[in-house]
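Below is one structure, written out as structure tokens; the observations come after it.
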Amino acid sequence: MRAGHALVLFSGGQDSTTCLAWALERFERVETIGFDYGQRHHVELAARTEVLAALRERFPQWRDRLGEDHMVDLAVLGQISDTALTRDTAIQMTEAGLPNTFVPGRNLLFFQLAAAVGYRRGLHTLVGGMCETDFSGYPDCRDDTLKALQVALSLGMGQRFTIDTPLMWIDKAATWEMARQLGGDDFVRLIVEDTHTCYHGERGALHAWGHGCGECPACALRRAGFERWTAVKPA
């Protein structure tokens, strides 16, 4: 276990929940931060509280390390964005070669605000679930972006901040396996049943891989990763 405290950018989805467990295994104290930016899949904010409650109830090895949760009202981001995550529009590719689910500046703002909270709380390791292996091509999920942001935050805050991205170089199948290794089958069940990833906010039928429409880019990545993982996972 690494000494010190960490602040996890926690949306209530598969990736950030896995990263939260990763941090709980490594740090003495872990806090979480979430953002309400008027996202179309607003149901993820309810999933956050359910996942945090389940972690405290079902995983005693992490209970005492899981600290305060912070929720930031970032409505201005939704107001200035014209994307499929902040407007009721069809998901499609744009002329820029990116899906219109890309919210420009989102992760940059998330980390900037997380660093401000971390500065106040003495949390100088910021953990995010960004990945550029199995992802939608968002430029603010790339390793180069986050390395540059780490430097900017440290210079601008006058304190050294470290950005940890445990999923950066693994695919979604490996993310499912990481969850199993961190918390066993019970933690995998929590991810399947309680986390939320679907861009459409669909919480109807429970599939083998979790709730969701099964068609949006987030569901497609999650489902495909689960299927690859179950085909090769250890017995």
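Chain labels run A, B, ... following the order of the structure tokens; each chain numbers its residues from 1, and ligands are numbered from 1 in the order shown.
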Residue neighbourhood stretch 181-196 of chain A, 8 Å, only C-alpha atoms, exclusion window fewer than 4 positions, as an MDAnalysis selection string: chainID A and resid 12:14 17 21:22 25 43:44 47:48 50:51 54 176:177 201 206 208:212
Exercise: stretch 108-122 of chain A partners within 10 Å, only C-alpha atoms, chain neighbours under 3 positions left out, as an NGL selection string: :A and (4-9 or 31-35 or 70 or 72 or 74 or 77 or 104-105 or 125-128 or 140-141 or 145-146 or 149-150 or 152-154 or 156-163)
Give me the residues within 7 Å of A:Gly67 as a PDB file with C-alpha atoms, in the first residue's frame, counting only C-alpha atoms and dropping any in the same chain fewer than 2 places off.
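Written out: around_37.pdb:
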ATOM      1  CA  ARG A  29      -7.202   7.362   2.505  1.00  0.00           C
ATOM      2  CA  VAL A  30      -9.240   7.834  -0.650  1.00  0.00           C
ATOM      3  CA  GLU A  31     -11.846  10.493  -1.392  1.00  0.00           C
ATOM      4  CA  ARG A  65     -10.068   3.959   3.701  1.00  0.00           C
ATOM      5  CA  ASP A  69     -17.372  12.257  -1.470  1.00  0.00           C
TER       6      ASP A  69
END
Select from stretch 18-169 of chain A everything DSSP, run on the backbone, classes as helix (DSSP H, G or I), then give the selection as a PyMOL selection string. chain A and resi 18-26+43-58+60-63+75-80+106-121+139-141+143-157
For A:Gly129, the closest of A:Ala179, A:Cys219, A:Ala53, A:Leu167 counting only C-alpha atoms is A:Leu167
Give me the residues within 6 Å of A:Lys172 as a list of chain:residue names, counting only C-alpha atoms and dropping any in the same chain fewer than 2 places off. A:Ala174, A:Thr175, A:Gly225
Taking the chain letters and numbering used in this document, name the residues of stretch 54-213 of chain A that DSSP puts in strand (DSSP E or B), as an NGL selection string. :A and (66-73 or 93 or 99 or 125-127 or 162-164 or 206-207 or 210-211)
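Proximity ranking of A:Thr89, A:Gln39, A:Asp73, A:Arg63 relative to A:Val103 places A:Gln39 first, based on only C-alpha atoms.
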Which residues are near A:Glu215? Cut-off 12 Å, only C-alpha atoms, ignore same chain within fewer than 3 positions. Put them as a short mmCIF file (atom, residue, chain, number, x, y, z; two decimals) with N, CA and C atoms, in the first residue's frame.
data_model
loop_
_atom_site.label_atom_id
_atom_site.label_comp_id
_atom_site.auth_asym_id
_atom_site.auth_seq_id
_atom_site.Cartn_x
_atom_site.Cartn_y
_atom_site.Cartn_z
N ALA A 90 -29.00 12.74 -31.79
CA ALA A 90 -28.49 11.42 -32.16
C ALA A 90 -26.97 11.40 -32.06
N ILE A 91 -26.45 10.25 -31.67
CA ILE A 91 -25.00 10.07 -31.58
C ILE A 91 -24.46 9.77 -32.98
N THR A 197 -22.92 3.13 -17.38
CA THR A 197 -22.05 3.60 -18.45
C THR A 197 -22.85 4.14 -19.64
N CYS A 198 -24.03 3.64 -19.87
CA CYS A 198 -24.83 3.94 -21.08
C CYS A 198 -25.07 5.44 -21.26
N TYR A 199 -24.73 5.95 -22.45
CA TYR A 199 -24.92 7.36 -22.76
C TYR A 199 -26.39 7.76 -22.79
N HIS A 200 -27.28 6.80 -23.07
CA HIS A 200 -28.70 7.11 -23.12
C HIS A 200 -29.37 7.04 -21.75
N GLY A 201 -28.63 6.65 -20.74
CA GLY A 201 -29.19 6.56 -19.39
C GLY A 201 -30.15 5.40 -19.21
N GLU A 202 -30.04 4.38 -20.03
CA GLU A 202 -30.95 3.24 -19.98
C GLU A 202 -30.63 2.36 -18.77
N HIS A 211 -26.40 -2.85 -17.08
CA HIS A 211 -27.53 -2.12 -17.64
C HIS A 211 -27.07 -1.27 -18.81
N GLY A 212 -27.98 -1.04 -19.76
CA GLY A 212 -27.65 -0.15 -20.86
C GLY A 212 -28.43 -0.48 -22.11
N ALA A 218 -20.56 3.75 -25.55
CA ALA A 218 -20.14 3.31 -24.22
C ALA A 218 -20.59 1.88 -23.96
N CYS A 219 -21.84 1.55 -24.31
CA CYS A 219 -22.33 0.18 -24.13
C CYS A 219 -21.57 -0.79 -25.03
N ALA A 220 -21.29 -0.38 -26.26
CA ALA A 220 -20.60 -1.27 -27.19
C ALA A 220 -19.22 -1.64 -26.67
N LEU A 221 -18.49 -0.67 -26.13
CA LEU A 221 -17.17 -0.95 -25.58
C LEU A 221 -17.28 -1.86 -24.36
N ARG A 222 -18.22 -1.57 -23.49
CA ARG A 222 -18.38 -2.36 -22.26
C ARG A 222 -18.79 -3.79 -22.59
N ARG A 223 -19.77 -3.94 -23.48
CA ARG A 223 -20.25 -5.28 -23.84
C ARG A 223 -19.15 -6.10 -24.53
N ALA A 224 -18.46 -5.49 -25.50
CA ALA A 224 -17.42 -6.22 -26.23
C ALA A 224 -16.29 -6.63 -25.30
#
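Between atom CA of A:Leu24 and atom CA of A:Val232 the separation is 26.6 Å.
You will find atom CA of A:Val76 at 11.0 Å from atom CA of A:Arg106.
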